[in-house]
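**Student:** For reference, the file my_file-v1.txt (compact mmCIF, C-alpha atoms) is included below:
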```txt
# COMPACT_ATOMS: atom_id res chain seq x y z
CA MET A 28 92.71 -3.91 -98.70
CA GLU A 29 92.00 -0.67 -97.01
CA PHE A 30 89.12 1.58 -97.89
CA ASN A 31 89.44 5.12 -96.67
CA ALA A 32 87.94 8.53 -97.26
CA SER A 33 90.27 9.26 -100.17
CA LEU A 34 88.14 6.90 -102.23
CA ILE A 35 85.16 9.24 -101.74
CA GLY A 36 87.33 12.22 -102.64
CA GLN A 37 88.43 10.54 -105.83
CA MET A 38 84.86 9.62 -106.67
CA ILE A 39 83.84 13.26 -106.33
CA THR A 40 86.70 14.24 -108.61
CA PHE A 41 85.69 11.59 -111.10
CA ALA A 42 82.07 12.71 -110.98
CA ILE A 43 83.13 16.29 -111.69
CA LEU A 44 85.21 15.07 -114.63
CA ILE A 45 82.23 13.15 -116.01
CA TRP A 46 80.01 16.17 -115.53
CA PHE A 47 82.53 18.38 -117.31
CA THR A 48 82.76 15.94 -120.21
CA MET A 49 78.98 15.72 -120.48
CA LYS A 50 78.63 19.47 -120.35
CA PHE A 51 81.51 20.74 -122.47
CA VAL A 52 83.23 17.92 -124.35
CA TRP A 53 80.41 15.69 -125.52
CA PRO A 54 77.95 18.25 -126.99
CA PRO A 55 80.38 19.75 -129.53
CA LEU A 56 81.44 16.25 -130.52
CA THR A 57 77.89 15.01 -131.06
CA LYS A 58 77.01 18.25 -132.80
CA MET A 59 79.92 17.78 -135.17
CA MET A 60 78.87 14.18 -135.80
CA ASP A 61 75.25 15.15 -136.43
CA GLU A 62 76.35 17.82 -138.83
CA ARG A 63 78.56 15.32 -140.60
CA ALA A 64 75.70 12.81 -140.87
CA LYS A 65 73.43 15.53 -142.20
CA ARG A 66 76.04 16.56 -144.74
CA ILE A 67 76.36 12.97 -145.92
CA ALA A 68 72.58 12.55 -146.12
CA ASP A 69 72.28 15.80 -148.07
CA GLY A 70 75.03 14.73 -150.39
CA LEU A 71 73.42 11.37 -151.04
CA ALA A 72 70.04 13.00 -151.62
CA ALA A 73 71.60 15.48 -154.02
CA ALA A 74 73.30 12.66 -155.86
CA ASP A 75 69.98 10.80 -156.13
CA ARG A 76 68.27 13.90 -157.40
CA ALA A 77 70.99 14.49 -159.96
CA LYS A 78 70.70 10.91 -161.10
CA GLN A 79 66.94 11.31 -161.48
CA ASP A 80 67.46 14.54 -163.40
CA LEU A 81 69.93 12.90 -165.68
CA GLU A 82 67.54 10.06 -166.36
CA ASN A 83 64.76 12.50 -167.15
CA ALA A 84 66.97 14.52 -169.43
CA GLU A 85 68.11 11.39 -171.23
CA LYS A 86 64.53 10.31 -171.72
CA LYS A 87 63.59 13.76 -172.97
CA SER A 88 66.46 13.91 -175.38
CA ALA A 89 65.60 10.46 -176.73
CA ASP A 90 62.02 11.63 -177.27
CA LYS A 91 63.20 14.74 -179.04
CA LEU A 92 65.51 12.74 -181.23
CA ARG A 93 62.76 10.33 -182.19
CA GLU A 94 60.42 13.23 -182.99
CA ALA A 95 63.05 14.93 -185.11
CA LYS A 96 63.76 11.74 -187.00
CA GLN A 97 60.08 11.30 -187.69
CA GLN A 98 59.79 14.88 -188.89
CA ALA A 99 62.79 14.49 -191.13
CA ALA A 100 61.34 11.34 -192.66
CA GLU A 101 58.05 13.16 -193.30
CA ILE A 102 59.81 16.06 -194.94
CA ILE A 103 61.83 13.74 -197.15
CA ALA A 104 58.70 11.86 -198.21
CA GLN A 105 56.96 15.11 -199.03
CA ALA A 106 59.91 16.33 -201.05
CA GLU A 107 60.04 13.09 -202.95
CA LYS A 108 56.36 13.30 -203.71
CA ARG A 109 56.74 16.87 -204.89
CA ALA A 110 59.69 15.94 -207.07
CA ALA A 111 57.76 13.12 -208.69
CA GLN A 112 54.89 15.51 -209.27
CA LEU A 113 57.19 18.05 -210.92
CA VAL A 114 58.72 15.43 -213.16
CA GLU A 115 55.26 14.25 -214.14
CA GLU A 116 54.15 17.81 -214.89
CA ALA A 117 57.22 18.49 -217.00
CA LYS A 118 56.69 15.29 -218.87
CA SER A 119 53.07 16.08 -219.73
CA ASN A 120 54.00 19.68 -220.64
CA ALA A 121 56.66 18.43 -223.01
CA LYS A 122 54.25 15.96 -224.54
CA ALA A 123 51.58 18.65 -225.09
CA GLU A 124 54.13 21.01 -226.59
CA GLY A 125 55.36 18.29 -228.92
CA GLU A 126 51.85 17.54 -230.00
CA ARG A 127 51.14 21.19 -230.58
CA LEU A 128 54.26 21.59 -232.69
CA LEU A 129 53.42 18.48 -234.62
CA ALA A 130 49.89 19.71 -235.31
CA GLY A 131 51.24 23.10 -236.47
CA ALA A 132 53.68 21.38 -238.82
CA GLN A 133 50.98 19.16 -240.20
CA GLY A 134 48.69 22.15 -240.79
CA GLU A 135 51.44 23.95 -242.63
CA ILE A 136 52.12 20.91 -244.78
CA GLU A 137 48.41 20.64 -245.54
CA GLN A 138 48.33 24.28 -246.48
CA GLN A 139 51.34 23.94 -248.72
CA ILE A 140 49.77 20.97 -250.42
CA GLN A 141 46.61 22.96 -250.98
CA GLN A 142 48.64 25.85 -252.33
CA ALA A 143 50.58 23.53 -254.64
CA LYS A 144 47.34 21.96 -255.82
CA GLU A 145 45.86 25.40 -256.41
CA SER A 146 48.80 26.62 -258.43
CA LEU A 147 48.91 23.37 -260.35
CA ARG A 148 45.27 23.74 -261.16
CA GLN A 149 45.91 27.29 -262.29
CA GLN A 150 48.74 26.20 -264.50
CA VAL A 151 46.82 23.23 -265.92
CA ALA A 152 43.88 25.50 -266.65
CA THR A 153 46.18 27.99 -268.41
CA LEU A 154 47.79 25.10 -270.28
CA ALA A 155 44.43 23.70 -271.23
CA VAL A 156 43.27 27.11 -272.46
CA ALA A 157 46.52 27.50 -274.41
CA GLY A 158 46.05 23.96 -275.80
CA ALA A 159 42.50 24.65 -276.70
CA GLU A 160 43.53 27.93 -278.30
CA LYS A 161 46.01 26.07 -280.42
CA ILE A 162 43.53 23.35 -281.26
CA LEU A 163 40.81 25.72 -282.18
CA GLN A 164 43.28 27.96 -284.03
CA ARG A 165 41.41 30.86 -283.02
CA GLU A 166 41.23 33.11 -280.22
CA VAL A 167 38.86 32.11 -277.57
CA ASP A 168 37.23 34.90 -275.87
CA ALA A 169 38.23 34.31 -272.33
CA ALA A 170 35.49 36.44 -271.05
CA LYS A 171 32.88 34.59 -273.09
CA HIS A 172 34.07 31.25 -272.14
CA ALA A 173 34.86 31.97 -268.50
CA ASP A 174 32.06 29.73 -267.38
CA MET A 175 33.27 26.85 -269.43
CA LEU A 176 36.86 27.42 -268.33
CA SER A 177 36.01 27.51 -264.67
CA SER A 178 33.99 24.30 -264.98
CA ILE A 179 37.01 22.67 -266.61
CA LYS A 180 39.21 24.07 -263.79
CA ALA A 181 36.87 22.58 -261.28
CA GLU A 182 36.96 19.21 -262.88
CA LEU A 183 40.77 19.12 -262.73
CA MET B 29 101.83 10.54 -92.35
CA ALA B 30 105.17 11.17 -94.06
CA GLN B 31 106.10 7.51 -94.00
CA ASP B 32 102.57 6.69 -95.03
CA ALA B 33 102.66 9.04 -98.03
CA THR B 34 106.00 7.72 -99.20
CA SER B 35 104.84 4.14 -99.08
CA TYR B 36 101.55 5.10 -100.78
CA ILE B 37 103.39 6.74 -103.64
CA GLN B 38 105.90 3.94 -103.89
CA HIS B 39 103.12 1.41 -103.94
CA HIS B 40 101.47 3.27 -106.77
CA LEU B 41 104.65 3.49 -108.77
CA THR B 42 105.54 -0.18 -108.49
CA PHE B 43 104.79 -2.45 -111.42
CA ALA B 44 103.19 -5.87 -111.16
CA LYS B 45 106.13 -7.94 -112.29
CA SER B 46 106.43 -11.49 -113.46
CA ALA B 47 109.22 -13.68 -112.14
CA SER B 48 111.51 -12.52 -114.94
CA GLY B 49 110.68 -8.85 -114.28
CA VAL B 50 108.22 -8.31 -117.13
CA HIS B 51 105.73 -5.55 -116.34
CA LEU B 52 102.55 -7.61 -116.46
CA ASP B 53 100.18 -4.75 -115.70
CA THR B 54 101.50 -2.61 -118.55
CA PHE B 55 101.33 -5.62 -120.80
CA TRP B 56 97.80 -6.77 -120.14
CA ILE B 57 96.18 -3.36 -119.86
CA ALA B 58 97.76 -2.35 -123.16
CA LEU B 59 96.67 -5.64 -124.66
CA VAL B 60 93.08 -5.31 -123.48
CA LEU B 61 92.87 -1.71 -124.73
CA GLY B 62 94.42 -2.70 -128.06
CA LEU B 63 91.91 -5.52 -128.45
CA ALA B 64 89.08 -3.17 -127.51
CA PHE B 65 90.19 -0.76 -130.23
CA VAL B 66 90.53 -3.50 -132.83
CA ALA B 67 87.20 -5.11 -131.88
CA LEU B 68 85.30 -1.81 -131.99
CA PHE B 69 86.73 -0.74 -135.33
CA ALA B 70 86.36 -4.18 -136.90
CA TYR B 71 82.73 -4.35 -135.72
CA VAL B 72 81.96 -0.94 -137.19
CA ALA B 73 83.85 -1.72 -140.40
CA ASN B 74 81.87 -4.92 -140.90
CA LYS B 75 78.56 -3.21 -140.28
CA ALA B 76 79.45 -0.07 -142.23
CA THR B 77 76.96 1.18 -144.78
CA SER B 78 77.80 3.41 -147.70
CA GLY B 79 74.65 5.38 -146.93
CA VAL B 80 74.08 7.76 -144.06
CA PRO B 81 76.24 6.49 -141.18
CA GLY B 82 74.89 5.79 -137.70
CA ARG B 83 76.38 7.42 -134.61
CA LEU B 84 79.09 4.83 -134.04
CA GLN B 85 80.12 4.54 -137.67
CA ASN B 86 80.11 8.31 -137.90
CA PHE B 87 82.46 8.53 -134.92
CA VAL B 88 84.84 5.95 -136.36
CA GLU B 89 84.72 7.61 -139.76
CA LEU B 90 85.53 10.92 -138.13
CA ILE B 91 88.69 9.50 -136.55
CA VAL B 92 89.74 7.68 -139.72
CA GLU B 93 89.13 10.82 -141.74
CA MET B 94 91.20 12.91 -139.34
CA VAL B 95 94.12 10.45 -139.55
CA ASP B 96 93.76 10.21 -143.32
CA THR B 97 93.83 13.99 -143.71
CA GLN B 98 97.01 14.25 -141.64
CA ILE B 99 98.69 11.56 -143.74
CA LYS B 100 97.67 13.20 -146.99
CA ASP B 101 99.05 16.51 -145.78
CA ALA B 102 102.38 15.20 -144.55
CA PHE B 103 103.17 11.98 -146.41
CA HIS B 104 103.46 12.15 -150.17
CA ALA B 105 104.79 8.73 -151.12
CA LYS B 106 102.57 5.70 -151.51
CA SER B 107 102.33 3.19 -148.71
CA LYS B 108 99.86 0.63 -147.51
CA VAL B 109 101.36 0.57 -144.03
CA ILE B 110 101.16 4.15 -142.94
CA GLY B 111 97.38 4.51 -142.77
CA PRO B 112 96.63 1.58 -140.47
CA LEU B 113 99.82 2.31 -138.52
CA SER B 114 98.86 5.90 -137.80
CA LEU B 115 95.29 4.99 -136.92
CA THR B 116 96.46 2.27 -134.56
CA ILE B 117 99.00 4.54 -132.90
CA PHE B 118 96.49 7.33 -132.39
CA CYS B 119 93.70 5.15 -131.00
CA TRP B 120 95.87 2.89 -128.92
CA VAL B 121 97.88 5.70 -127.35
CA PHE B 122 94.67 7.64 -126.73
CA LEU B 123 93.06 4.69 -124.97
CA MET B 124 96.15 3.95 -122.88
CA ASN B 125 96.48 7.61 -121.94
CA SER B 126 92.79 7.69 -121.04
CA MET B 127 93.39 5.26 -118.21
CA ASP B 128 94.61 8.37 -116.40
CA PHE B 129 91.02 9.60 -116.10
CA LEU B 130 89.99 6.73 -113.86
CA PRO B 131 90.40 7.50 -110.15
CA VAL B 132 94.00 6.61 -109.28
CA ASP B 133 92.98 4.19 -106.56
CA LEU B 134 90.09 2.52 -108.40
CA LEU B 135 91.74 -0.25 -110.39
CA PRO B 136 94.60 -0.85 -107.90
CA THR B 137 92.06 -1.22 -105.09
CA ILE B 138 90.01 -3.68 -107.12
CA ALA B 139 93.19 -5.58 -107.94
CA GLN B 140 94.12 -5.68 -104.26
CA TRP B 141 90.71 -6.97 -103.37
CA ILE B 142 90.84 -9.69 -106.03
CA GLY B 143 94.39 -10.63 -105.04
CA HIS B 144 93.49 -10.76 -101.39
CA THR B 145 90.15 -12.57 -101.77
CA PHE B 146 90.93 -15.13 -104.46
CA PHE B 147 94.66 -15.65 -104.18
CA GLY B 148 95.18 -14.92 -100.50
CA MET B 149 97.85 -12.36 -101.24
CA ASP B 150 98.99 -9.60 -98.94
CA PRO B 151 97.24 -6.46 -100.30
CA HIS B 152 100.45 -4.49 -99.82
CA HIS B 153 102.15 -6.69 -102.34
CA VAL B 154 99.49 -6.49 -105.02
CA TYR B 155 100.68 -3.85 -107.45
CA LEU B 156 99.01 -2.29 -110.46
CA ARG B 157 100.15 0.56 -112.69
CA VAL B 158 97.10 1.52 -114.64
CA VAL B 159 98.54 3.81 -117.34
CA PRO B 160 100.66 1.77 -119.77
CA THR B 161 102.06 4.86 -121.45
CA ALA B 162 103.52 5.96 -118.11
CA ASP B 163 105.86 3.01 -118.49
CA VAL B 164 109.03 3.58 -120.54
CA ASN B 165 108.83 -0.01 -121.75
CA GLN B 166 105.53 0.66 -123.48
CA THR B 167 106.52 3.96 -125.05
CA PHE B 168 109.90 2.66 -126.20
CA ALA B 169 108.27 -0.49 -127.59
CA MET B 170 106.21 1.71 -129.86
CA SER B 171 108.91 4.20 -130.75
CA LEU B 172 111.48 1.49 -131.55
CA THR B 173 108.92 -0.17 -133.82
CA VAL B 174 108.55 3.19 -135.52
CA MET B 175 112.35 3.38 -135.85
CA LEU B 176 112.45 -0.03 -137.52
CA LEU B 177 109.74 1.15 -139.87
CA ILE B 178 111.76 4.27 -140.63
CA ILE B 179 114.69 2.06 -141.65
CA GLY B 180 112.37 -0.23 -143.60
CA PHE B 181 110.73 2.69 -145.42
CA SER B 182 114.16 4.15 -146.24
CA ILE B 183 115.42 0.87 -147.67
CA SER B 184 112.28 0.20 -149.68
CA ALA B 185 112.36 3.74 -151.10
CA LYS B 186 116.08 4.00 -151.86
CA GLY B 187 117.25 0.41 -151.96
CA LEU B 188 119.66 -1.12 -149.46
CA PHE B 189 122.68 0.35 -151.22
CA GLY B 190 121.06 3.74 -151.56
CA TRP B 191 120.26 3.82 -147.86
CA ILE B 192 123.78 2.80 -146.82
CA LYS B 193 125.24 5.33 -149.22
CA GLU B 194 123.08 8.04 -147.71
CA LEU B 195 124.27 7.09 -144.22
CA PHE B 196 127.77 8.16 -145.28
CA THR B 197 127.17 10.99 -147.74
CA ALA B 198 124.43 13.04 -146.12
CA PRO B 199 123.84 15.61 -144.68
CA PHE B 200 127.30 16.92 -145.73
CA HIS B 201 128.08 16.67 -149.42
CA ALA B 202 131.59 17.08 -150.85
CA GLU B 203 132.90 17.50 -154.36
CA GLY B 204 136.22 15.66 -154.36
CA LEU B 205 136.84 12.03 -153.44
CA VAL B 206 139.20 12.94 -150.61
CA MET B 207 136.72 15.28 -149.00
CA THR B 208 133.98 12.73 -149.41
CA ILE B 209 136.02 10.15 -147.52
CA ILE B 210 136.92 12.65 -144.83
CA LEU B 211 133.27 13.56 -144.35
CA MET B 212 132.13 9.94 -144.20
CA PRO B 213 132.58 9.37 -140.44
CA VAL B 214 131.10 12.77 -139.68
CA ASN B 215 128.04 12.01 -141.81
CA PHE B 216 127.70 8.57 -140.30
CA ALA B 217 127.81 9.96 -136.78
CA PHE B 218 125.19 12.56 -137.67
CA GLN B 219 122.92 9.96 -139.22
CA LEU B 220 123.22 7.64 -136.23
CA ILE B 221 122.37 10.45 -133.83
CA GLU B 222 119.43 11.45 -135.98
CA LEU B 223 118.18 7.89 -136.17
CA ALA B 224 118.51 7.38 -132.42
CA ALA B 225 117.06 10.74 -131.48
CA LYS B 226 113.74 10.03 -133.14
CA PRO B 227 112.61 7.02 -131.09
CA ILE B 228 114.10 8.45 -127.91
CA SER B 229 112.28 11.75 -128.26
CA LEU B 230 109.05 10.01 -129.25
CA ALA B 231 109.14 7.63 -126.30
CA LEU B 232 110.34 10.09 -123.68
CA ARG B 233 107.87 12.82 -124.65
CA LEU B 234 104.91 10.51 -124.22
CA PHE B 235 106.32 8.83 -121.12
CA GLY B 236 107.23 12.13 -119.49
CA ASN B 237 103.81 13.64 -120.00
CA MET B 238 101.88 10.63 -118.78
CA TYR B 239 104.21 9.84 -115.88
CA ALA B 240 104.08 13.42 -114.66
CA GLY B 241 100.30 13.41 -115.00
CA GLU B 242 99.95 10.20 -113.08
CA LEU B 243 102.31 11.35 -110.34
CA ILE B 244 100.32 14.51 -109.81
CA PHE B 245 97.10 12.47 -109.59
CA ILE B 246 98.75 10.37 -106.92
CA LEU B 247 99.89 13.46 -105.03
CA ILE B 248 96.42 14.97 -105.24
CA ALA B 249 95.01 11.72 -103.86
CA LEU B 250 97.10 12.33 -100.72
CA LEU B 251 95.11 15.47 -99.90
CA PRO B 252 92.25 15.26 -97.41
CA TRP B 253 89.29 13.68 -99.20
CA TRP B 254 86.99 16.72 -99.01
CA ILE B 255 89.50 18.97 -100.80
CA ASN B 256 90.52 16.34 -103.33
CA TRP B 257 88.31 17.60 -106.13
CA VAL B 258 89.56 21.20 -105.93
CA LEU B 259 92.84 20.17 -107.53
CA GLY B 260 91.80 16.81 -108.95
CA ALA B 261 88.99 18.03 -111.17
CA PRO B 262 90.93 20.83 -112.94
CA TRP B 263 93.89 18.49 -113.41
CA ALA B 264 91.67 15.77 -114.87
CA ILE B 265 89.97 18.28 -117.17
CA PHE B 266 93.34 19.60 -118.25
CA HIS B 267 94.33 16.02 -118.90
CA ILE B 268 91.60 15.63 -121.53
CA LEU B 269 93.77 17.98 -123.58
CA VAL B 270 97.05 16.28 -122.69
CA VAL B 271 95.79 12.79 -123.45
CA THR B 272 94.43 13.72 -126.86
CA LEU B 273 97.35 15.94 -127.72
CA GLN B 274 99.98 13.34 -126.83
CA ALA B 275 98.23 10.67 -128.89
CA PHE B 276 98.01 13.10 -131.79
CA VAL B 277 101.64 14.19 -131.46
CA PHE B 278 102.90 10.62 -131.39
CA MET B 279 100.90 9.82 -134.53
CA MET B 280 101.85 13.03 -136.31
CA LEU B 281 105.58 12.66 -135.63
CA THR B 282 105.47 9.04 -136.82
CA ILE B 283 103.97 10.22 -140.11
CA VAL B 284 106.52 13.01 -140.44
CA TYR B 285 109.47 10.71 -139.66
CA LEU B 286 108.29 8.12 -142.18
CA SER B 287 107.73 10.82 -144.77
CA LEU B 288 111.31 12.08 -144.18
CA ALA B 289 112.54 8.50 -144.49
CA VAL B 290 111.21 8.06 -148.01
CA GLU B 291 112.44 11.45 -149.21
CA ASP B 292 115.87 11.98 -150.71
CA HIS B 293 118.25 14.19 -148.81
```
Could you quickly redo this structure as structure tokens?
**Tutor:**
Amino acid sequence: MEFNASLIGQMITFAILIWFTMKFVWPPLTKMMDERAKRIADGLAAADRAKQDLENAEKKSADKLREAKQQAAEIIAQAEKRAAQLVEEAKSNAKAEGERLLAGAQGEIEQQIQQAKESLRQQVATLAVAGAEKILQREVDAAKHADMLSSIKAEL
Amino acid sequence: MAQDATSYIQHHLTFAKSASGVHLDTFWIALVLGLAFVALFAYVANKATSGVPGRLQNFVELIVEMVDTQIKDAFHAKSKVIGPLSLTIFCWVFLMNSMDFLPVDLLPTIAQWIGHTFFGMDPHHVYLRVVPTADVNQTFAMSLTVMLLIIGFSISAKGLFGWIKELFTAPFHAEGLVMTIILMPVNFAFQLIELAAKPISLALRLFGNMYAGELIFILIALLPWWINWVLGAPWAIFHILVVTLQAFVFMMLTIVYLSLAVEDH
């Protein structure tokens, strides 16, 4: 156990070493560590932000999808309605056309009947005149008896 | 003064030995430093957050990252051992080397005082070598462990037979059977030398650097006290480099040797 001055000398040396470390070794180390911590913090923040962005985008896309689906359903409903309308229109058109044709046909038939009746009447009148001629055995003056003949024609 | 200096140096270079000659000072200083390393890292690992790390966690992460990068660069096989091994080697060697920074007389003087006060010993017979890596026993203990790991890695990568076969057929390859047999002893001798050279160079490099450093600190301590710092401070500052570099070199070479061990020749 012997203290001597060399202890003081070594303490001075040690102090200089500590000073050197504090001055030149420690600052770059702590700077590097701070930078590393900052990098990690930035990275984590960026990851959080990205996650938030992703969530937002997902929500937005879901909204869009829902909107589009709704629109599509609307369009389909409209189209269906329009189709039904068209079918209905066509149906009523066809019905009207049919009725029109039917009416035309009926009119024609009526007309033909009238015509047939007319000609029959004519022929009957002629026949009656001829019959009467024969019965009377003499010529009937058609002009004289026109009134009588036409009244007979009318009675037929 | 001459006799004084000689005995001063001799005193500083004598180990505290147990009855059977075990270097107790090397043993317990290395043990305490190893425990300090393990305790610090375990504490940080338990408290670690996956968020922004605090100062201490940041520091530990920095070291782990550095070791991890070196392994990824140099070691391409898969292994669970090499990461923790390299980290332990780097930190432990660094801490043991760092004992050099303490004033050479500080811990021995304290030990002398304790020995004298509590155990009534003669201060001149209380010895303490503070730097464990300036003891060949410590450096060889580590390098021989690395050698065993080299053999273990080789066997696990190539199989026992594959490893033995390689001992006799590499580095010289021959085509014919006769030539192969002739080359066998040559190859075996080469392999043995290679295997022995690795731990020896590992251990002696570290020991040589730290022993030389310590010796020069002791010599500087012999100067008059007021001039001590003129040489002591630059040498200590230079030692910051040596201490870190030697720890790094020991770790790096371990990784390289193990990576060579798992590769085919």
**Student:** Within 9 Å of Ala198 in chain B, counting only C-alpha atoms, which residues show up once you throw out same-chain ones fewer than 6 positions away? Write them as an MDAnalysis selection string, please.
**Tutor:** chainID B and resid 212 215:216 218:219 293
**Student:** So the first atom is CA of Val151 in chain A and the second is CA of Ser178 in chain A; what is the distance between them in Å, to one decimal place?
**Tutor:**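 About the pair CA of Val151 in chain A and CA of Ser178 in chain A: they are 12.9 Å apart.
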**Student:** List as a PyMOL selection string the residues having at least one atom at most 7 Å from position (112.0, 6.9, -128.2) as given in the file, counting only C-alpha atoms.
**Tutor:** chain B and resi 167-168+171-172+226-232
**Student:** With all atoms listed in the file considered, list every residue of chain A at most 12 Å from chain B, as a PyMOL selection string.
**Tutor:** chain A and resi 28-53+56-72+74-75
**Student:** Rounded to one decimal in Å, what is the spacing between CA of Met170 in chain B and CA of Ile117 in chain B?
**Tutor:**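 Going from CA of Met170 in chain B over to CA of Ile117 in chain B covers 8.3 Å.
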**Student:** So that I can see what lies close to range 39-51 of chain B, please list as a ChimeraX atom specification the residues with an atom at most 7 Å from it, counting all atoms listed in the file and leaving out residues fewer than 3 positions away in the same chain.
**Tutor:** /B:35-36,54-55,155-157
**Student:** For each of B:Ala225, B:Thr77, B:Ala33, B:Leu234, take the minimum atom-to-atom distance to Asn165 in chain B, counting only C-alpha atoms, then give the residue where this is smallest.
**Tutor:** B:Leu234
**Student:** At the level of N, CA and C atoms, write range 258-279 of chain B to a file as a CSV table (one decimal), in the first residue's frame, please.
**Tutor:**
```csv
chain,number,residue,atom,x,y,z
B,258,VAL,N,1.6,13.4,-21.0
B,258,VAL,CA,2.1,13.7,-22.3
B,258,VAL,C,2.1,12.5,-23.2
B,259,LEU,N,2.6,11.4,-22.7
B,259,LEU,CA,2.5,10.1,-23.4
B,259,LEU,C,1.3,9.3,-23.1
B,260,GLY,N,0.8,9.4,-21.9
B,260,GLY,CA,-0.3,8.6,-21.5
B,260,GLY,C,-1.6,8.9,-22.2
B,261,ALA,N,-1.9,10.2,-22.4
B,261,ALA,CA,-3.1,10.6,-23.0
B,261,ALA,C,-3.2,10.2,-24.5
B,262,PRO,N,-2.2,10.5,-25.3
B,262,PRO,CA,-2.2,10.0,-26.7
B,262,PRO,C,-2.3,8.5,-26.8
B,263,TRP,N,-1.6,7.8,-25.9
B,263,TRP,CA,-1.6,6.3,-26.0
B,263,TRP,C,-3.0,5.8,-25.7
B,264,ALA,N,-3.7,6.4,-24.6
B,264,ALA,CA,-5.0,6.0,-24.3
B,264,ALA,C,-6.0,6.3,-25.4
B,265,ILE,N,-5.8,7.5,-26.0
B,265,ILE,CA,-6.7,7.9,-27.1
B,265,ILE,C,-6.6,6.9,-28.3
B,266,PHE,N,-5.3,6.6,-28.6
B,266,PHE,CA,-5.0,5.7,-29.6
B,266,PHE,C,-5.6,4.3,-29.3
B,267,HIS,N,-5.7,4.0,-28.0
B,267,HIS,CA,-6.2,2.7,-27.6
B,267,HIS,C,-7.7,2.6,-27.8
B,268,ILE,N,-8.4,3.7,-27.9
B,268,ILE,CA,-9.8,3.6,-28.2
B,268,ILE,C,-10.0,2.9,-29.5
B,269,LEU,N,-9.1,3.2,-30.4
B,269,LEU,CA,-9.1,2.6,-31.8
B,269,LEU,C,-8.8,1.1,-31.7
B,270,VAL,N,-7.7,0.8,-30.9
B,270,VAL,CA,-7.2,-0.5,-30.8
B,270,VAL,C,-8.2,-1.5,-30.2
B,271,VAL,N,-8.8,-1.0,-29.1
B,271,VAL,CA,-9.7,-1.8,-28.3
B,271,VAL,C,-10.9,-2.2,-29.2
B,272,THR,N,-11.5,-1.2,-29.9
B,272,THR,CA,-12.6,-1.4,-30.7
B,272,THR,C,-12.3,-2.3,-31.9
B,273,LEU,N,-11.1,-2.0,-32.5
B,273,LEU,CA,-10.7,-2.7,-33.7
B,273,LEU,C,-10.4,-4.2,-33.4
B,274,GLN,N,-9.8,-4.4,-32.3
B,274,GLN,CA,-9.4,-5.8,-31.9
B,274,GLN,C,-10.7,-6.6,-31.6
B,275,ALA,N,-11.7,-6.0,-30.9
B,275,ALA,CA,-12.9,-6.7,-30.7
B,275,ALA,C,-13.6,-7.0,-32.0
B,276,PHE,N,-13.6,-6.0,-32.9
B,276,PHE,CA,-14.2,-6.2,-34.2
B,276,PHE,C,-13.5,-7.3,-35.0
B,277,VAL,N,-12.2,-7.3,-35.0
B,277,VAL,CA,-11.4,-8.2,-35.8
B,277,VAL,C,-11.7,-9.6,-35.3
B,278,PHE,N,-11.7,-9.8,-34.0
B,278,PHE,CA,-11.9,-11.1,-33.4
B,278,PHE,C,-13.3,-11.6,-33.9
B,279,MET,N,-14.3,-10.8,-33.8
B,279,MET,CA,-15.6,-11.2,-34.2
B,279,MET,C,-15.7,-11.5,-35.7
```
